[in-house]
Amino acid sequence: MIQLENIHRYFQVGEQTVHALNGIDLKIDAGEYVSVMGPSGSGKSTLLNIIALLDRPSSGRYLLNCRDVTELDDNTLANIRRDNIGFVFQFFHLIPRLTAAENIEMPMILAGIDPRERRHRVSQALAAVGLSDRAKHRPDQLSGGQRQRVAIARATIMRPGVLLADEPTGNLDRASGISIMQLLEELNRRNMTLIVITHDRELGSRASRSLQMLDGEIVL
Amino acid sequence: MRSIDVLHQAARAVASQPLRALLILLAMSIGVTSVSVLTALGESACRYIVHEFEALGTHLLIVLPGRTETTGGQPPLFGETPRDLTLDDAAALLKSRFIEAVAPINIGSAPVSTGGLERKTNIIGSTAALQQVRHLSIAQGRFLPRMEADQSAPVCVIGQTIREELFGRRQALGKWLRINDRRFRVIGILASEGQSIGVDFDELVIVPVASAQALFDTSSLFRILLQAKSKRAMYAAVDDIRSIIRSRHEGEDDVTIITQDSVVSTFDNILTALTLTVASIAGISLAVAGVLVMNVMLVSVAQRSSEIGLLKALGATRVQLCWLFLTEAALLSVAGALTGLLLGQAAIGVLQLLYPGFPLALPDWALFAALAVATGTGLLFGVIPALIAAGKDPIQALARH
Ligand SMILES: Nc1ncnc2c1ncn2[C@@H]1O[C@H](COP(=O)(O)OP(=O)(O)O)[C@@H](O)[C@H]1O
Ligand SMILES: [Mg+2]
């Protein structure tokens with residue numbers, strides 16, 4: 001499903017070249033639950049951004065659903081991203097002027113889905129994350145945990161095969177964090193591939209497979 | 001992405017920043033207001049003046065002695081002075097079958113007095129035909145009698161101002177006036193012409209042309225006014241005038257002929273150019289508004305960096321982002337343009353109340369032009385911010401929050 005072959009990612013910072021990723025080989029099957037851990041700056045986010053098609057590797061090959069996506073143009077990547085990949089951020093990234101329901105609706109608007117279908121799916125998604133009564137609330141009227149639930153509903157509204165989360169609990173208290181992890185795991189049980197970056201050993205160990213990164217390499 | 005959704009999302013974004021919207025609205029509307037008011041002023045001045053010229057007469061031709069360079073002919077050679085126009089020339093012109101009426105004109109200035117009051121004013125010498133050629137209306141009495149042009153008669157027709165200043169409330173008709181040392185009986189009083197281009201008939205005394213020639217001791221004419229039989233006959237009339245004059249002036253058509261048409265169209269052209277110039281200058285304010293749109297949109301793009309990054313992460317393409325931001329700029333400019341048009345119409349309405357005698361109206365073409373230019377400017381200046389938004393790197397855009 002996800003196959004990375006000898007992926008390198010360099011950043012040129014002035015004179016210096018930063019090796020964020022250093023020859024990553026990784027294969028993740030459909031429906032897997034993978035956690036990525038490692039010290040700050042070890043390349044976790046860079047790896048996830050490349051998997052999410054938000055970033056391109058400097059060298060190496062990336063196959064998503066058996067299709068080489070390394071050399072595709074921006075438009076094609078945007079469409080693949082929209083239909084196949086959900087992304088959950090540490091800082092939620094909800095659009096402040098839009099309500100919870102409208103934030104969740106956004107990927108479907110970009111995809112040009114019929115408004116009636118959109119309304120139907122949004123109310124389902126709100127129910128699935130337990131926020132049916134918060135549909136009309138704007139992000140600043142929601143707690144951190146609730147915001148992340150909205151973000152998860154948005155990330156999954158296009159029913160992607162892969163759900164990526166970069167420290168989704170990093171900005172939450174422990175209780176909300178655990179409940180967010182439970183929500184993500186619930187989605188994984190319904191056959192969504194789940195890759196989660198976390199600092200928390202305990203949360204990381206809940207995954208069926210755990211990757212340890214160091215200096216741009218997967219060491220375990 | 002559906003167009004209606006693009007519009008809706010852009011409208012939401014505009015509404016979420018009311019101060020920004022207000023600023024652009026203000027700039028755009030000032031631009032459009034000034035363009036529409038100035039265009040209306042220019043256009044109306046144009047129509048006013050053309051109308052005034054048309055009121056001078058119908059199918060009017062003016063023959064002046066001497067050839068001016070504007071006719072394209074050679075300037076008179078050294079020592080060759082153009083022949084004067086005479087009453088006989090005027091009489092000869094009437095032979096053309098394209099000419100309806102001929103009014104010879106003599107003009108001079110002289111003191112006019114009656115009952116101890118005296119005033120220096122312009123005296124015109126002409127014939128009965130002047131009334132027809134120049135569309136003069138009589139308030140009291142009658143115009144100059146029909147008689148041989150070379151016959152003088154001690155009669156005159158006076159304008160309203162002269163009547164007022166020399167006679168006040170007293171009856172003027174039938175009274176005697178003294179011009180230089182000759183006496184003339186007032187047989188008619190002109191209706192007030194109001195402001196008219198050229199001569200102010202309110203301040204005129206009109207006497208038979210032969211009398212004027214005697215008054216000013218001359219045998220030449222100042223000019224000859226003619227009325228062609230029809231608009232179509234005007235050009236044939238010009239040819240006839242030239243050949244008649246040539247046959248009378250030893251082979252030289254040493255006159256300048258002005259047709260009312262050419263005067264009107266010249267003024268029309270000059271005023272249209274003037275209107276366009278003034279409107280373009282006002283258009284600069286639209287360009288300024290455009291720059292402001294760009295500036296405000298650029299700030300907005302910078303502020304909404306993380307939103308742009310997010311939309312990209314959600315699968316928005318460059319084209320979609322471009323359209324979203326362009327639509328915002330377009331919405332703001334259209335709203336500004338419409339507000340400007342309303343303000344412009346209001347300003348024109350106020351001017352109309354203040355100057356009811358001067359008909360003001362914004363021509364349709366200017367209305368649409370102002371709208372189109374404002375929207376175009378907004379879009380044009382919205383392109384750069386939209387492209388910047390579309391080109392943002394999603395990761396970096398998301399990193400800043
Ligand atoms: N856009 C960038 N420009 C320069 N260096 C970067 C950029 N993004 C990441 N890096 C560098 O790459 C390395 C890995 O970063 P990152 O993947 O964010 O680590 P992590 O998420 O594990 O903390 C770090 O040294 C970081 O400084
Ligand atoms: Mg990171």
# chains A, B, ... in the order shown; residues from 1 in each chain; ligands from 1
call {"tool": "residues_around", "arguments": {"residues": "segment 202-214 of chain A", "least_positions_apart": "4", "cutoff": "8 Å", "atoms": "only C-alpha atoms", "output": "compact mmCIF listing (two decimals) with all heavy atoms, in the first residue's frame"}}
result
# COMPACT_ATOMS: atom_id res chain seq x y z
N GLU A 32 -2.83 -1.23 8.41
CA GLU A 32 -1.86 -1.30 9.52
C GLU A 32 -2.03 -0.13 10.47
O GLU A 32 -2.58 0.92 10.11
CB GLU A 32 -0.43 -1.29 8.96
CG GLU A 32 0.15 -2.69 8.76
CD GLU A 32 1.66 -2.66 8.62
OE1 GLU A 32 2.12 -2.51 7.46
OE2 GLU A 32 2.37 -2.76 9.64
N TYR A 33 -1.54 -0.28 11.67
CA TYR A 33 -1.51 0.79 12.67
C TYR A 33 -0.06 0.97 13.07
O TYR A 33 0.52 0.12 13.72
CB TYR A 33 -2.40 0.40 13.86
CG TYR A 33 -2.39 1.38 15.04
CD1 TYR A 33 -1.84 2.67 14.95
CD2 TYR A 33 -2.97 1.00 16.25
CE1 TYR A 33 -1.86 3.54 16.02
CE2 TYR A 33 -2.99 1.87 17.34
CZ TYR A 33 -2.44 3.13 17.23
OH TYR A 33 -2.46 3.99 18.28
N VAL A 34 0.55 2.08 12.63
CA VAL A 34 1.98 2.28 12.84
C VAL A 34 2.19 3.53 13.67
O VAL A 34 1.58 4.56 13.40
CB VAL A 34 2.72 2.44 11.49
CG1 VAL A 34 4.22 2.61 11.70
CG2 VAL A 34 2.43 1.25 10.58
N SER A 35 3.01 3.45 14.68
CA SER A 35 3.39 4.66 15.39
C SER A 35 4.83 5.00 15.04
O SER A 35 5.65 4.11 14.80
CB SER A 35 3.23 4.49 16.90
OG SER A 35 4.21 3.61 17.39
N VAL A 36 5.13 6.31 14.95
CA VAL A 36 6.50 6.75 14.65
C VAL A 36 6.98 7.56 15.84
O VAL A 36 6.33 8.52 16.25
CB VAL A 36 6.55 7.61 13.37
CG1 VAL A 36 8.00 8.00 13.06
CG2 VAL A 36 5.93 6.86 12.20
N MET A 37 8.12 7.14 16.42
CA MET A 37 8.66 7.85 17.58
C MET A 37 10.11 8.22 17.31
O MET A 37 10.72 7.76 16.35
CB MET A 37 8.53 6.98 18.82
CG MET A 37 7.08 6.87 19.28
SD MET A 37 6.91 6.12 20.89
CE MET A 37 7.26 4.44 20.51
N GLY A 38 10.61 9.07 18.14
CA GLY A 38 11.99 9.49 17.98
C GLY A 38 12.17 10.89 18.51
O GLY A 38 11.20 11.63 18.66
N PRO A 39 13.43 11.28 18.76
CA PRO A 39 13.67 12.60 19.31
C PRO A 39 13.30 13.70 18.33
O PRO A 39 13.18 13.46 17.14
CB PRO A 39 15.18 12.60 19.59
CG PRO A 39 15.73 11.54 18.72
CD PRO A 39 14.67 10.51 18.57
N SER A 42 14.41 14.32 14.37
CA SER A 42 14.90 13.07 13.81
C SER A 42 14.29 12.79 12.43
O SER A 42 14.66 11.82 11.77
CB SER A 42 14.59 11.91 14.78
OG SER A 42 13.21 11.84 15.04
N GLY A 43 13.35 13.62 11.99
CA GLY A 43 12.83 13.44 10.62
C GLY A 43 11.43 12.86 10.55
O GLY A 43 10.95 12.54 9.46
N LYS A 44 10.73 12.76 11.68
CA LYS A 44 9.40 12.14 11.70
C LYS A 44 8.42 12.92 10.83
O LYS A 44 7.72 12.35 9.99
CB LYS A 44 8.86 12.06 13.14
CG LYS A 44 9.81 11.41 14.15
CD LYS A 44 9.20 11.32 15.52
CE LYS A 44 8.97 12.66 16.21
NZ LYS A 44 10.24 13.36 16.55
N ILE A 178 -5.98 10.68 25.18
CA ILE A 178 -6.32 9.26 25.12
C ILE A 178 -7.60 9.05 24.33
O ILE A 178 -7.71 8.16 23.49
CB ILE A 178 -6.41 8.66 26.55
CG1 ILE A 178 -4.98 8.54 27.09
CG2 ILE A 178 -7.13 7.31 26.55
CD1 ILE A 178 -4.88 8.11 28.53
N MET A 181 -6.85 9.30 20.72
CA MET A 181 -6.18 8.09 20.24
C MET A 181 -7.20 6.97 20.06
O MET A 181 -7.14 6.23 19.07
CB MET A 181 -5.09 7.64 21.23
CG MET A 181 -3.83 8.50 21.22
SD MET A 181 -3.15 8.79 19.58
CE MET A 181 -2.51 7.18 19.17
N VAL A 196 0.79 7.30 13.12
CA VAL A 196 0.73 8.36 14.13
C VAL A 196 2.13 8.69 14.62
O VAL A 196 2.88 7.80 15.03
CB VAL A 196 -0.13 7.94 15.34
CG1 VAL A 196 -0.27 9.09 16.33
CG2 VAL A 196 -1.51 7.48 14.88
N ILE A 197 2.50 9.96 14.58
CA ILE A 197 3.74 10.39 15.22
C ILE A 197 3.41 10.77 16.65
O ILE A 197 2.42 11.46 16.90
CB ILE A 197 4.33 11.63 14.51
CG1 ILE A 197 4.74 11.26 13.07
CG2 ILE A 197 5.51 12.18 15.29
CD1 ILE A 197 5.29 12.45 12.30
N THR A 198 4.19 10.29 17.58
CA THR A 198 3.94 10.69 18.98
C THR A 198 5.24 10.73 19.76
O THR A 198 6.22 10.06 19.43
CB THR A 198 2.92 9.74 19.64
OG1 THR A 198 2.74 10.15 21.00
CG2 THR A 198 3.39 8.30 19.61
N ILE A 218 15.37 5.07 10.03
CA ILE A 218 14.53 4.23 10.88
C ILE A 218 15.46 3.21 11.53
O ILE A 218 16.09 2.40 10.84
CB ILE A 218 13.44 3.53 10.06
CG1 ILE A 218 12.50 4.60 9.45
CG2 ILE A 218 12.65 2.57 10.93
CD1 ILE A 218 11.49 4.04 8.49
N VAL A 219 15.57 3.28 12.85
CA VAL A 219 16.55 2.44 13.52
C VAL A 219 15.90 1.20 14.12
O VAL A 219 16.59 0.29 14.55
CB VAL A 219 17.31 3.23 14.61
CG1 VAL A 219 18.20 4.28 13.94
CG2 VAL A 219 16.34 3.89 15.59
N LEU A 220 14.60 1.12 14.15
CA LEU A 220 13.96 -0.03 14.77
C LEU A 220 12.59 -0.29 14.15
O LEU A 220 11.86 0.67 13.88
CB LEU A 220 13.78 0.22 16.28
CG LEU A 220 13.72 -1.01 17.15
CD1 LEU A 220 15.04 -1.18 17.90
CD2 LEU A 220 12.57 -0.87 18.16
call {"tool": "closest_atom_pairs", "arguments": {"of": "chain B", "to": "chain A", "cutoff": "6 Å", "atoms": "only C-alpha atoms", "output": "JSON lines"}}
result
{"residue": "B:Met1", "atom": "CA", "partner": "A:Gly112", "partner_atom": "CA", "distance": 4.1}
{"residue": "B:Arg2", "atom": "CA", "partner": "A:Gly112", "partner_atom": "CA", "distance": 5.4}
{"residue": "B:Leu314", "atom": "CA", "partner": "A:Arg82", "partner_atom": "CA", "distance": 5.5}
{"residue": "B:Gly315", "atom": "CA", "partner": "A:Arg82", "partner_atom": "CA", "distance": 4.1}
{"residue": "B:Thr317", "atom": "CA", "partner": "A:Asn75", "partner_atom": "CA", "distance": 5.6}
call {"tool": "select_by_dssp", "arguments": {"residues": "segment 191-255 of chain B", "states": "strand (DSSP E)", "output": "VMD selection string"}}
result
chain B and resid 204 to 208 223 to 228 255
call {"tool": "write_last_selection", "arguments": {"atoms": "N, CA and C atoms", "output": "compact mmCIF listing (two decimals), in the first residue's frame"}}
result
# COMPACT_ATOMS: atom_id res chain seq x y z
N LEU B 204 -28.07 93.95 -28.16
CA LEU B 204 -27.90 94.40 -29.54
C LEU B 204 -28.95 95.42 -29.95
N VAL B 205 -28.52 96.23 -30.90
CA VAL B 205 -29.49 97.03 -31.63
C VAL B 205 -29.35 96.63 -33.09
N ILE B 206 -30.46 96.22 -33.72
CA ILE B 206 -30.40 95.79 -35.11
C ILE B 206 -31.04 96.87 -35.98
N VAL B 207 -30.29 97.27 -37.02
CA VAL B 207 -30.80 98.29 -37.94
C VAL B 207 -30.67 97.74 -39.36
N PRO B 208 -31.36 98.33 -40.34
CA PRO B 208 -31.18 97.88 -41.72
C PRO B 208 -29.71 98.00 -42.12
N ARG B 223 -19.87 89.87 -42.48
CA ARG B 223 -20.03 88.50 -42.96
C ARG B 223 -21.41 88.35 -43.56
N ILE B 224 -21.62 87.19 -44.17
CA ILE B 224 -22.95 86.92 -44.71
C ILE B 224 -23.44 85.60 -44.10
N LEU B 225 -24.62 85.61 -43.52
CA LEU B 225 -25.22 84.38 -43.00
C LEU B 225 -26.18 83.85 -44.05
N LEU B 226 -26.13 82.55 -44.30
CA LEU B 226 -27.03 81.97 -45.28
C LEU B 226 -27.72 80.75 -44.69
N GLN B 227 -28.91 80.50 -45.19
CA GLN B 227 -29.59 79.27 -44.80
C GLN B 227 -29.74 78.42 -46.05
N ALA B 228 -29.20 77.20 -46.01
CA ALA B 228 -29.34 76.31 -47.16
C ALA B 228 -30.76 75.75 -47.15
N VAL B 255 -13.00 83.84 -49.96
CA VAL B 255 -13.87 83.87 -48.76
C VAL B 255 -13.65 82.59 -47.97
call {"tool": "residues_around", "arguments": {"residues": "segment 82-95 of chain B", "least_positions_apart": "5", "cutoff": "9 Å", "atoms": "only C-alpha atoms", "output": "MDAnalysis selection string"}}
result
chainID B and resid 63:67 76 100:104 149:150 209:210 219:224 226 240:241 244:245 248:249 252 254:255
call {"tool": "closest_residue", "arguments": {"among": "A:Leu163, A:Val18, A:Leu48, A:Ala30", "to": "ligand 2", "atoms": "only C-alpha atoms and all ligand atoms"}}
result
A:Leu48
call {"tool": "atom_distance", "arguments": {"atom1": "atom CA of Asn180 of chain B", "atom2": "atom CA of Ser192 of chain B"}}
result
25.1 Å
call {"tool": "closest_residue", "arguments": {"among": "B:Val319, B:Ala399, B:Ile257, B:Leu326", "to": "ligand 2", "atoms": "only C-alpha atoms and all ligand atoms"}}
result
B:Ala399
call {"tool": "residues_around", "arguments": {"residues": "Ala347 of chain B", "least_positions_apart": "6", "cutoff": "12 Å", "atoms": "only C-alpha atoms", "output": "ChimeraX atom specification"}}
result
/B:30,32-38,40-41,340-341,353-354,360-362
call {"tool": "decode", "arguments": {"residues": "segment 30-53 of chain A", "atoms": "N, CA and C atoms", "output": "PDB file, in the first residue's frame"}}
result
ATOM      1  N   ALA A  30      -2.028  -2.098   3.836  1.00  0.00           N
ATOM      2  CA  ALA A  30      -3.346  -1.514   4.076  1.00  0.00           C
ATOM      3  C   ALA A  30      -3.881  -1.991   5.420  1.00  0.00           C
ATOM      4  N   GLY A  31      -4.429  -1.055   6.203  1.00  0.00           N
ATOM      5  CA  GLY A  31      -5.057  -1.411   7.474  1.00  0.00           C
ATOM      6  C   GLY A  31      -4.109  -1.508   8.644  1.00  0.00           C
ATOM      7  N   GLU A  32      -2.826  -1.229   8.407  1.00  0.00           N
ATOM      8  CA  GLU A  32      -1.864  -1.297   9.516  1.00  0.00           C
ATOM      9  C   GLU A  32      -2.028  -0.127  10.473  1.00  0.00           C
ATOM     10  N   TYR A  33      -1.536  -0.282  11.674  1.00  0.00           N
ATOM     11  CA  TYR A  33      -1.509   0.792  12.670  1.00  0.00           C
ATOM     12  C   TYR A  33      -0.061   0.969  13.069  1.00  0.00           C
ATOM     13  N   VAL A  34       0.545   2.075  12.625  1.00  0.00           N
ATOM     14  CA  VAL A  34       1.976   2.282  12.843  1.00  0.00           C
ATOM     15  C   VAL A  34       2.189   3.532  13.672  1.00  0.00           C
ATOM     16  N   SER A  35       3.011   3.449  14.677  1.00  0.00           N
ATOM     17  CA  SER A  35       3.395   4.665  15.391  1.00  0.00           C
ATOM     18  C   SER A  35       4.835   4.997  15.044  1.00  0.00           C
ATOM     19  N   VAL A  36       5.134   6.313  14.954  1.00  0.00           N
ATOM     20  CA  VAL A  36       6.498   6.753  14.652  1.00  0.00           C
ATOM     21  C   VAL A  36       6.982   7.562  15.845  1.00  0.00           C
ATOM     22  N   MET A  37       8.120   7.145  16.423  1.00  0.00           N
ATOM     23  CA  MET A  37       8.663   7.846  17.578  1.00  0.00           C
ATOM     24  C   MET A  37      10.107   8.221  17.314  1.00  0.00           C
ATOM     25  N   GLY A  38      10.613   9.073  18.144  1.00  0.00           N
ATOM     26  CA  GLY A  38      11.993   9.486  17.979  1.00  0.00           C
ATOM     27  C   GLY A  38      12.172  10.889  18.507  1.00  0.00           C
ATOM     28  N   PRO A  39      13.427  11.278  18.763  1.00  0.00           N
ATOM     29  CA  PRO A  39      13.672  12.604  19.313  1.00  0.00           C
ATOM     30  C   PRO A  39      13.299  13.699  18.327  1.00  0.00           C
ATOM     31  N   SER A  40      13.153  14.880  18.858  1.00  0.00           N
ATOM     32  CA  SER A  40      12.828  16.030  18.028  1.00  0.00           C
ATOM     33  C   SER A  40      13.916  16.244  16.984  1.00  0.00           C
ATOM     34  N   GLY A  41      13.526  16.488  15.757  1.00  0.00           N
ATOM     35  CA  GLY A  41      14.495  16.721  14.692  1.00  0.00           C
ATOM     36  C   GLY A  41      14.989  15.455  14.039  1.00  0.00           C
ATOM     37  N   SER A  42      14.408  14.320  14.374  1.00  0.00           N
ATOM     38  CA  SER A  42      14.898  13.067  13.807  1.00  0.00           C
ATOM     39  C   SER A  42      14.290  12.786  12.426  1.00  0.00           C
ATOM     40  N   GLY A  43      13.355  13.615  11.994  1.00  0.00           N
ATOM     41  CA  GLY A  43      12.826  13.445  10.625  1.00  0.00           C
ATOM     42  C   GLY A  43      11.430  12.861  10.548  1.00  0.00           C
ATOM     43  N   LYS A  44      10.735  12.761  11.681  1.00  0.00           N
ATOM     44  CA  LYS A  44       9.401  12.139  11.697  1.00  0.00           C
ATOM     45  C   LYS A  44       8.417  12.916  10.829  1.00  0.00           C
ATOM     46  N   SER A  45       8.370  14.251  11.063  1.00  0.00           N
ATOM     47  CA  SER A  45       7.413  15.069  10.307  1.00  0.00           C
ATOM     48  C   SER A  45       7.737  15.050   8.820  1.00  0.00           C
ATOM     49  N   THR A  46       9.026  15.127   8.509  1.00  0.00           N
ATOM     50  CA  THR A  46       9.425  15.112   7.095  1.00  0.00           C
ATOM     51  C   THR A  46       8.942  13.831   6.435  1.00  0.00           C
ATOM     52  N   LEU A  47       9.114  12.707   7.141  1.00  0.00           N
ATOM     53  CA  LEU A  47       8.665  11.426   6.607  1.00  0.00           C
ATOM     54  C   LEU A  47       7.162  11.442   6.347  1.00  0.00           C
ATOM     55  N   LEU A  48       6.421  11.940   7.331  1.00  0.00           N
ATOM     56  CA  LEU A  48       4.965  11.938   7.211  1.00  0.00           C
ATOM     57  C   LEU A  48       4.503  12.867   6.081  1.00  0.00           C
ATOM     58  N   ASN A  49       5.196  14.028   5.944  1.00  0.00           N
ATOM     59  CA  ASN A  49       4.839  14.964   4.871  1.00  0.00           C
ATOM     60  C   ASN A  49       5.054  14.353   3.501  1.00  0.00           C
ATOM     61  N   ILE A  50       6.114  13.530   3.404  1.00  0.00           N
ATOM     62  CA  ILE A  50       6.368  12.885   2.113  1.00  0.00           C
ATOM     63  C   ILE A  50       5.308  11.832   1.842  1.00  0.00           C
ATOM     64  N   ILE A  51       4.966  11.071   2.884  1.00  0.00           N
ATOM     65  CA  ILE A  51       3.903  10.075   2.700  1.00  0.00           C
ATOM     66  C   ILE A  51       2.586  10.777   2.322  1.00  0.00           C
ATOM     67  N   ALA A  52       2.364  11.975   2.907  1.00  0.00           N
ATOM     68  CA  ALA A  52       1.123  12.711   2.656  1.00  0.00           C
ATOM     69  C   ALA A  52       1.129  13.429   1.309  1.00  0.00           C
ATOM     70  N   LEU A  53       2.235  13.326   0.569  1.00  0.00           N
ATOM     71  CA  LEU A  53       2.387  14.005  -0.721  1.00  0.00           C
ATOM     72  C   LEU A  53       2.411  15.523  -0.581  1.00  0.00           C
TER      73      LEU A  53
END
